[in-house]
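**Q** Below is one structure. I have some questions about it.
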Amino acid sequence: MKDLVSEIRSIIETSRSNAVRSVDFCRVQMYWQIGRRIVEEEQGGSARAEYGKGLIKNLAQEIEPEYGSGFSYRQLNFARQFFLEYPKVNALRSQFNWTQYRALIQISDKDKREYYELEAASNCWTARQMQRQINSMLYERLLLSNDKESVLAMARKERAPEAPQEIVKDPMVLEFLGLEKKAHYYESDLETELINHLQEFILELGNGFTFVARQKRIILEDDEFFIDLVFYNRLARRFVIFELKTGEVTHQDLGQLQMYVNYYDRTEKLPEENPTIGILLCTAKNDTLVKMTLPSDNNTIVASKYQLYLPTEQQLIAEVERVKKEWEETR
């Protein structure tokens with residue numbers, strides 16, 4: 001009897017979920033049809049510029065009082081833009097709702113829009129998760145350490161991530177932790193909040209991450225050590241170790257992380273798996289110190305800054321300029 005009840009519950013929940021998705025996609029198709037008719041009417045007008053300018057306003061005045069705010073001047077404008085950006089109805093994704101498409105059509109850069117569309121579909125992002133990734137400037141942060149072609153190739157699943165820079169974002173944005181901005185807090189506080197918000201942290205990390213361990217205990221002869229966080233990335237087929245620092249990186253921090261990476265490569269990694277990556281999450285870093293501490297051919301240790309707030313466009317521009325300057329200096 002218990003098995004039957006469980007199966008019936010599963011059928012009900014699945015049907016309800018499918019019904020919601022069906023309604024959401026019908027709404028998407030409705031706005032697409034509205035957008036198509038508006039564009040057709042504009043193109044058929046004798047004085048296109050003036051006619052088109054007042055058409056949506058007049059439509060909203062007629063329709064909104066009867067059908068509500070979903071058909072306001074702003075929403076009808078979105079419907080028009082939606083059709084222009086997605087003219088083929090068969091290309092619409094049934095798993096996306098109108099809120100997601102509305103966020104996508106507001107991205108003018110077509111490559112950037114394609115990236116978010118592919119990632120949202122691949123990772124089943126909700127509308128809220130998609131908007132968070134856009135607001136945190138995920139695409140731009142990835143471009144700081146990767147070229148556009150490789151970022152899009154990974155989103156299209158034409159290649160798997162290989163180098164640490166293709167897996168790790170710098171900076172990482174951890175605004176979802178809700179930690180107060182203060183001069184100092186303990187590393188254990190940061191670790192606890194990351195675990196408490198594990199789903200959001202994995203979303204920030206990106207594709208393929210699964211949680212393995214917290215405070216992983218390792219013993220080297222009589223010495224005991226604890227690795228802050230251990231993840232596994234199934235796409236890159238490698239362990240990813242995180243050490244958390246609430247201050248600026250030191251060469252001792254990098255040396256300790258290198259030891260942890262060596263331990264995992266020599267005792268935990270299977271022969272068919274790729275080398276372990278170590279990530280030092282910190283509030284600040286001296287890039288020259290990092291380069292001088294690590295081997296010139298380093299491809300396993302990364303120091304990545306984190307911030308507890310969403311970046312502004314000005315901050316990201318400043319970061320881009322900093323990275324460009326570093327590239328020019330190393331040529």
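Going by the structure tokens order, chains are called A, B, ..., each with residues numbered from 1, while ligands are numbered from 1 in the order shown.
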Taking 2 positions as the minimum chain separation for residues in the same chain, which residues sit within 9 Å of Lys245 in chain A when counting only C-alpha atoms? Answer as a list in words.
**A**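 Those residues are Tyr186, Glu187, Leu190, Glu243, Gly247, Glu248, Val249, Asp253, Leu280, Leu281, Cys282 and Thr283 of chain A.
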**Q** Under the rule of at most 10 Å, produce a per-residue listing of range 250-285 of chain A near range 215-223 of chain A: chain, number, name, the closest pair of atoms, and the distance in Å, as JSON lines, using only C-alpha atoms.
**A**
```
{"residue": "A:Tyr260", "atom": "CA", "partner": "A:Ile218", "partner_atom": "CA", "distance": 8.9}
{"residue": "A:Tyr263", "atom": "CA", "partner": "A:Ile218", "partner_atom": "CA", "distance": 8.6}
{"residue": "A:Tyr264", "atom": "CA", "partner": "A:Ile218", "partner_atom": "CA", "distance": 9.9}
```
**Q** Using only C-alpha atoms, what table do you get, as CSV, when you list each residue of range 201-313 of chain A with an atom no more than 10 Å from range 115-129 of chain A, its nearest pair of atoms, and their distance in Å rounded to one decimal, rows by chain then rising number?
**A**
```
residue,atom,partner,partner_atom,distance
A:Leu203,CA,A:Gln129,CA,8.2
A:Glu204,CA,A:Gln129,CA,9.9
A:Gly206,CA,A:Asn123,CA,9.0
A:Asn207,CA,A:Asn123,CA,7.4
A:Gly208,CA,A:Asn123,CA,9.3
```
**Q** Can you list, as JSON, numbers by chain, all residues belonging to range 76-116 of chain A that DSSP tags as alpha helix (DSSP H)?
**A** {"A": [76, 77, 78, 79, 80, 81, 82, 83, 84, 85, 98, 99, 100, 101, 102, 103, 104, 105, 110, 111, 112, 113, 114, 115, 116]}
**Q** So that I can see what lies close to Lys57 in chain A, please list as number ranges by chain the residues with an atom at most 9 Å from it, counting only C-alpha atoms and leaving out residues fewer than 5 positions away in the same chain.
**A** A: 62, 72-73, 76
**Q** Could you dump the residues just selected with all heavy atoms as a compact mmCIF listing (two decimals), in the first residue's frame?
**A**
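Listing of out21.txt after writing:
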```
# COMPACT_ATOMS: atom_id res chain seq x y z
N GLU A 62 -6.33 50.31 -24.88
CA GLU A 62 -7.54 49.52 -25.16
C GLU A 62 -7.55 48.19 -24.38
O GLU A 62 -8.59 47.77 -23.88
CB GLU A 62 -7.61 49.23 -26.66
CG GLU A 62 -7.88 50.44 -27.54
CD GLU A 62 -9.31 50.94 -27.41
OE1 GLU A 62 -10.18 50.13 -27.04
OE2 GLU A 62 -9.54 52.13 -27.65
N SER A 72 0.39 45.96 -20.43
CA SER A 72 0.70 47.37 -20.36
C SER A 72 1.55 47.78 -21.56
O SER A 72 2.01 46.94 -22.33
CB SER A 72 1.47 47.67 -19.06
OG SER A 72 2.71 46.99 -19.08
N TYR A 73 1.79 49.06 -21.66
CA TYR A 73 2.64 49.58 -22.75
C TYR A 73 4.02 48.93 -22.70
O TYR A 73 4.56 48.52 -23.73
CB TYR A 73 2.76 51.10 -22.60
CG TYR A 73 3.70 51.74 -23.60
CD1 TYR A 73 3.31 51.98 -24.92
CD2 TYR A 73 5.00 52.10 -23.21
CE1 TYR A 73 4.18 52.56 -25.83
CE2 TYR A 73 5.88 52.67 -24.13
CZ TYR A 73 5.45 52.90 -25.43
OH TYR A 73 6.31 53.48 -26.34
N LEU A 76 3.81 45.18 -23.82
CA LEU A 76 3.59 45.06 -25.26
C LEU A 76 4.86 45.43 -26.03
O LEU A 76 5.14 44.86 -27.09
CB LEU A 76 2.42 45.95 -25.69
CG LEU A 76 1.05 45.53 -25.15
CD1 LEU A 76 -0.03 46.50 -25.64
CD2 LEU A 76 0.70 44.10 -25.57
```
**Q** What is the CA of Gln314 in chain A-CA of Leu198 in chain A distance in Å, reported with one decimal?
**A**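 Distance reported for this atom pair: 28.9 Å.
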**Q** Name the residues of range 229-281 of chain A that come out as strand (DSSP E) in a backbone DSSP run; write them as a list in words.
**A**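 Those residues are Leu229, Val230, Phe231, Tyr232, Asn233, Arg238, Phe239, Val240, Ile241, Phe242, Glu243, Leu244, Ile277, Gly278, Ile279, Leu280 and Leu281 of chain A.
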**Q** With N, CA, C and O atoms retained, write the just-selected residues as a CSV table (one decimal), in the first residue's frame.
**A**
```csv
chain,number,residue,atom,x,y,z
A,229,LEU,N,37.2,23.0,2.1
A,229,LEU,CA,36.1,22.5,1.2
A,229,LEU,C,36.6,21.7,0.1
A,229,LEU,O,37.6,22.1,-0.6
A,230,VAL,N,36.0,20.6,-0.2
A,230,VAL,CA,36.4,19.7,-1.4
A,230,VAL,C,35.2,19.5,-2.3
A,230,VAL,O,34.1,19.1,-1.8
A,231,PHE,N,35.3,19.8,-3.6
A,231,PHE,CA,34.3,19.6,-4.6
A,231,PHE,C,34.9,18.6,-5.7
A,231,PHE,O,36.1,18.4,-5.7
A,232,TYR,N,34.0,18.1,-6.5
A,232,TYR,CA,34.4,17.4,-7.7
A,232,TYR,C,33.7,18.0,-8.9
A,232,TYR,O,32.5,18.3,-8.8
A,233,ASN,N,34.4,18.2,-10.0
A,233,ASN,CA,33.8,18.7,-11.2
A,233,ASN,C,33.8,17.5,-12.2
A,233,ASN,O,34.8,17.1,-12.7
A,238,ARG,N,37.9,16.2,-12.2
A,238,ARG,CA,39.0,16.4,-11.3
A,238,ARG,C,38.4,17.0,-10.0
A,238,ARG,O,37.3,17.5,-10.0
A,239,PHE,N,39.2,16.7,-8.9
A,239,PHE,CA,38.8,17.3,-7.6
A,239,PHE,C,39.2,18.8,-7.6
A,239,PHE,O,40.1,19.2,-8.3
A,240,VAL,N,38.4,19.6,-6.9
A,240,VAL,CA,38.6,21.0,-6.8
A,240,VAL,C,38.6,21.4,-5.3
A,240,VAL,O,37.6,21.2,-4.6
A,241,ILE,N,39.7,21.8,-4.7
A,241,ILE,CA,39.9,22.1,-3.3
A,241,ILE,C,39.8,23.6,-3.1
A,241,ILE,O,40.4,24.4,-3.8
A,242,PHE,N,39.1,24.0,-2.1
A,242,PHE,CA,38.9,25.4,-1.7
A,242,PHE,C,39.5,25.6,-0.3
A,242,PHE,O,39.2,24.9,0.6
A,243,GLU,N,40.4,26.6,-0.2
A,243,GLU,CA,40.9,27.1,1.1
A,243,GLU,C,40.4,28.6,1.2
A,243,GLU,O,40.5,29.4,0.2
A,244,LEU,N,39.8,28.9,2.3
A,244,LEU,CA,39.2,30.2,2.6
A,244,LEU,C,40.1,31.1,3.4
A,244,LEU,O,40.5,30.7,4.5
A,277,ILE,N,42.7,20.7,-8.8
A,277,ILE,CA,42.9,22.1,-8.8
A,277,ILE,C,42.7,22.6,-7.4
A,277,ILE,O,41.8,22.2,-6.6
A,278,GLY,N,43.5,23.6,-7.0
A,278,GLY,CA,43.4,24.2,-5.7
A,278,GLY,C,43.0,25.7,-5.9
A,278,GLY,O,43.7,26.4,-6.6
A,279,ILE,N,42.0,26.1,-5.1
A,279,ILE,CA,41.5,27.5,-5.3
A,279,ILE,C,41.6,28.2,-3.9
A,279,ILE,O,41.1,27.7,-2.9
A,280,LEU,N,42.3,29.3,-3.8
A,280,LEU,CA,42.5,30.1,-2.6
A,280,LEU,C,41.5,31.2,-2.7
A,280,LEU,O,41.7,32.2,-3.5
A,281,LEU,N,40.4,31.2,-2.0
A,281,LEU,CA,39.4,32.3,-2.0
A,281,LEU,C,39.9,33.3,-0.9
A,281,LEU,O,40.1,33.0,0.2
```
**Q** Nearest to Phe201 in chain A: which of A:Pro271, A:Tyr306, A:Glu114, A:Asn286 is it, counting only C-alpha atoms?
**A** A:Tyr306
**Q** Counting only C-alpha atoms, figure out which residue out of A:Lys112, A:Leu138, A:Gln131, A:Met259 gets nearest to Leu152 in chain A.
**A** A:Lys112
**Q** Determine, for each residue of range 89-145 of chain A having at least one atom at most 7 Å from an atom of range 25-37 of chain A, the closest pair of atoms and their separation in Å to one decimal, counting only C-alpha atoms; order by chain and ascending number, as a Markdown table.
**A**
```
| residue | atom | partner | partner_atom | distance |
| --- | --- | --- | --- | --- |
| A:Ser94 | CA | A:Phe25 | CA | 5.6 |
| A:Phe96 | CA | A:Phe25 | CA | 6.9 |
| A:Asn97 | CA | A:Phe25 | CA | 5.9 |
| A:Trp98 | CA | A:Val28 | CA | 5.1 |
```
**Q** So that I have them on file, write out the residues from the current selection with all heavy atoms, as a PDB file, in the first residue's frame.
**A**
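selection-v7.pdb was written with the following content:
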```pdb
ATOM      1  N   SER A  94      10.706  25.416 -24.692  1.00  0.00           N
ATOM      2  CA  SER A  94       9.502  25.179 -23.897  1.00  0.00           C
ATOM      3  C   SER A  94       9.766  25.227 -22.393  1.00  0.00           C
ATOM      4  O   SER A  94       8.844  25.419 -21.607  1.00  0.00           O
ATOM      5  CB  SER A  94       8.879  23.828 -24.265  1.00  0.00           C
ATOM      6  OG  SER A  94       9.797  22.769 -24.025  1.00  0.00           O
ATOM      7  N   PHE A  96      11.509  27.530 -20.899  1.00  0.00           N
ATOM      8  CA  PHE A  96      11.640  28.919 -20.463  1.00  0.00           C
ATOM      9  C   PHE A  96      10.262  29.543 -20.274  1.00  0.00           C
ATOM     10  O   PHE A  96       9.346  29.302 -21.064  1.00  0.00           O
ATOM     11  CB  PHE A  96      12.405  29.745 -21.493  1.00  0.00           C
ATOM     12  CG  PHE A  96      13.896  29.503 -21.504  1.00  0.00           C
ATOM     13  CD1 PHE A  96      14.478  28.567 -20.665  1.00  0.00           C
ATOM     14  CD2 PHE A  96      14.723  30.212 -22.352  1.00  0.00           C
ATOM     15  CE1 PHE A  96      15.838  28.331 -20.677  1.00  0.00           C
ATOM     16  CE2 PHE A  96      16.084  29.989 -22.384  1.00  0.00           C
ATOM     17  CZ  PHE A  96      16.649  29.050 -21.545  1.00  0.00           C
ATOM     18  N   ASN A  97      10.142  30.375 -19.242  1.00  0.00           N
ATOM     19  CA  ASN A  97       8.911  31.131 -19.066  1.00  0.00           C
ATOM     20  C   ASN A  97       9.085  32.562 -19.589  1.00  0.00           C
ATOM     21  O   ASN A  97      10.185  32.945 -20.024  1.00  0.00           O
ATOM     22  CB  ASN A  97       8.450  31.118 -17.598  1.00  0.00           C
ATOM     23  CG  ASN A  97       9.493  31.673 -16.647  1.00  0.00           C
ATOM     24  OD1 ASN A  97      10.225  32.609 -16.970  1.00  0.00           O
ATOM     25  ND2 ASN A  97       9.567  31.100 -15.457  1.00  0.00           N
ATOM     26  N   TRP A  98       8.017  33.343 -19.502  1.00  0.00           N
ATOM     27  CA  TRP A  98       8.062  34.693 -20.067  1.00  0.00           C
ATOM     28  C   TRP A  98       9.066  35.568 -19.317  1.00  0.00           C
ATOM     29  O   TRP A  98       9.761  36.391 -19.941  1.00  0.00           O
ATOM     30  CB  TRP A  98       6.677  35.317 -20.025  1.00  0.00           C
ATOM     31  CG  TRP A  98       6.630  36.768 -20.422  1.00  0.00           C
ATOM     32  CD1 TRP A  98       6.144  37.804 -19.693  1.00  0.00           C
ATOM     33  CD2 TRP A  98       7.055  37.330 -21.667  1.00  0.00           C
ATOM     34  NE1 TRP A  98       6.255  38.980 -20.397  1.00  0.00           N
ATOM     35  CE2 TRP A  98       6.810  38.719 -21.612  1.00  0.00           C
ATOM     36  CE3 TRP A  98       7.636  36.803 -22.819  1.00  0.00           C
ATOM     37  CZ2 TRP A  98       7.119  39.585 -22.659  1.00  0.00           C
ATOM     38  CZ3 TRP A  98       7.949  37.658 -23.870  1.00  0.00           C
ATOM     39  CH2 TRP A  98       7.691  39.025 -23.791  1.00  0.00           C
TER      40      TRP A  98
END
```
**Q** What gap, in Å, lies between CA of Glu273 in chain A and CA of Gln252 in chain A?
**A**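 Rounded to one decimal, the two atoms are 27.7 Å apart.
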**Q** CA of Phe78 in chain A and CA of Arg102 in chain A are how many Å apart?
**A**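 Computed distance, CA of Phe78 in chain A to CA of Arg102 in chain A, equals 6.8 Å.
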**Q** Show me, as a PyMOL selection string, the residues that have an atom within 9 Å of Val290 in chain A when counting only C-alpha atoms, minus same-chain residues fewer than 3 positions from it.
**A** chain A and resi 249-251+254+285-287+293-294+302-303
**Q** Would you mind exporting N, CA, C and O atoms of the selected residues as a short mmCIF file (atom, residue, chain, number, x, y, z; two decimals), in the first residue's frame?
**A**
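Written output follows (again_18.cif):
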```
data_model
loop_
_atom_site.label_atom_id
_atom_site.label_comp_id
_atom_site.auth_asym_id
_atom_site.auth_seq_id
_atom_site.Cartn_x
_atom_site.Cartn_y
_atom_site.Cartn_z
N VAL A 249 46.32 37.13 0.49
CA VAL A 249 47.05 35.88 0.30
C VAL A 249 48.52 36.04 0.69
O VAL A 249 49.15 37.05 0.39
N THR A 250 49.06 35.01 1.35
CA THR A 250 50.49 34.96 1.65
C THR A 250 51.11 33.77 0.93
O THR A 250 50.40 32.85 0.50
N HIS A 251 52.44 33.76 0.85
CA HIS A 251 53.10 32.63 0.19
C HIS A 251 52.93 31.36 1.01
O HIS A 251 52.91 30.25 0.47
N LEU A 254 49.66 29.74 -0.07
CA LEU A 254 49.80 29.05 -1.36
C LEU A 254 50.55 27.74 -1.20
O LEU A 254 50.21 26.73 -1.82
N LYS A 285 44.58 40.08 -3.02
CA LYS A 285 45.76 39.30 -3.41
C LYS A 285 46.77 40.19 -4.10
O LYS A 285 46.42 41.16 -4.79
N ASN A 286 48.02 39.85 -3.90
CA ASN A 286 49.13 40.48 -4.60
C ASN A 286 49.49 39.57 -5.77
O ASN A 286 50.06 38.50 -5.58
N ASP A 287 49.10 39.97 -6.98
CA ASP A 287 49.27 39.10 -8.14
C ASP A 287 50.73 38.77 -8.40
O ASP A 287 51.06 37.65 -8.83
N THR A 293 55.50 33.01 -6.25
CA THR A 293 55.44 31.87 -5.35
C THR A 293 55.21 30.57 -6.11
O THR A 293 55.79 29.52 -5.76
N LEU A 294 54.41 30.62 -7.14
CA LEU A 294 54.05 29.41 -7.88
C LEU A 294 55.00 29.19 -9.06
O LEU A 294 55.58 30.14 -9.58
N VAL A 302 45.07 28.41 -8.10
CA VAL A 302 44.49 29.69 -8.50
C VAL A 302 44.11 30.47 -7.25
O VAL A 302 43.51 29.91 -6.32
N ALA A 303 44.49 31.74 -7.21
CA ALA A 303 44.02 32.64 -6.15
C ALA A 303 42.91 33.50 -6.73
O ALA A 303 43.11 34.19 -7.73
#
```
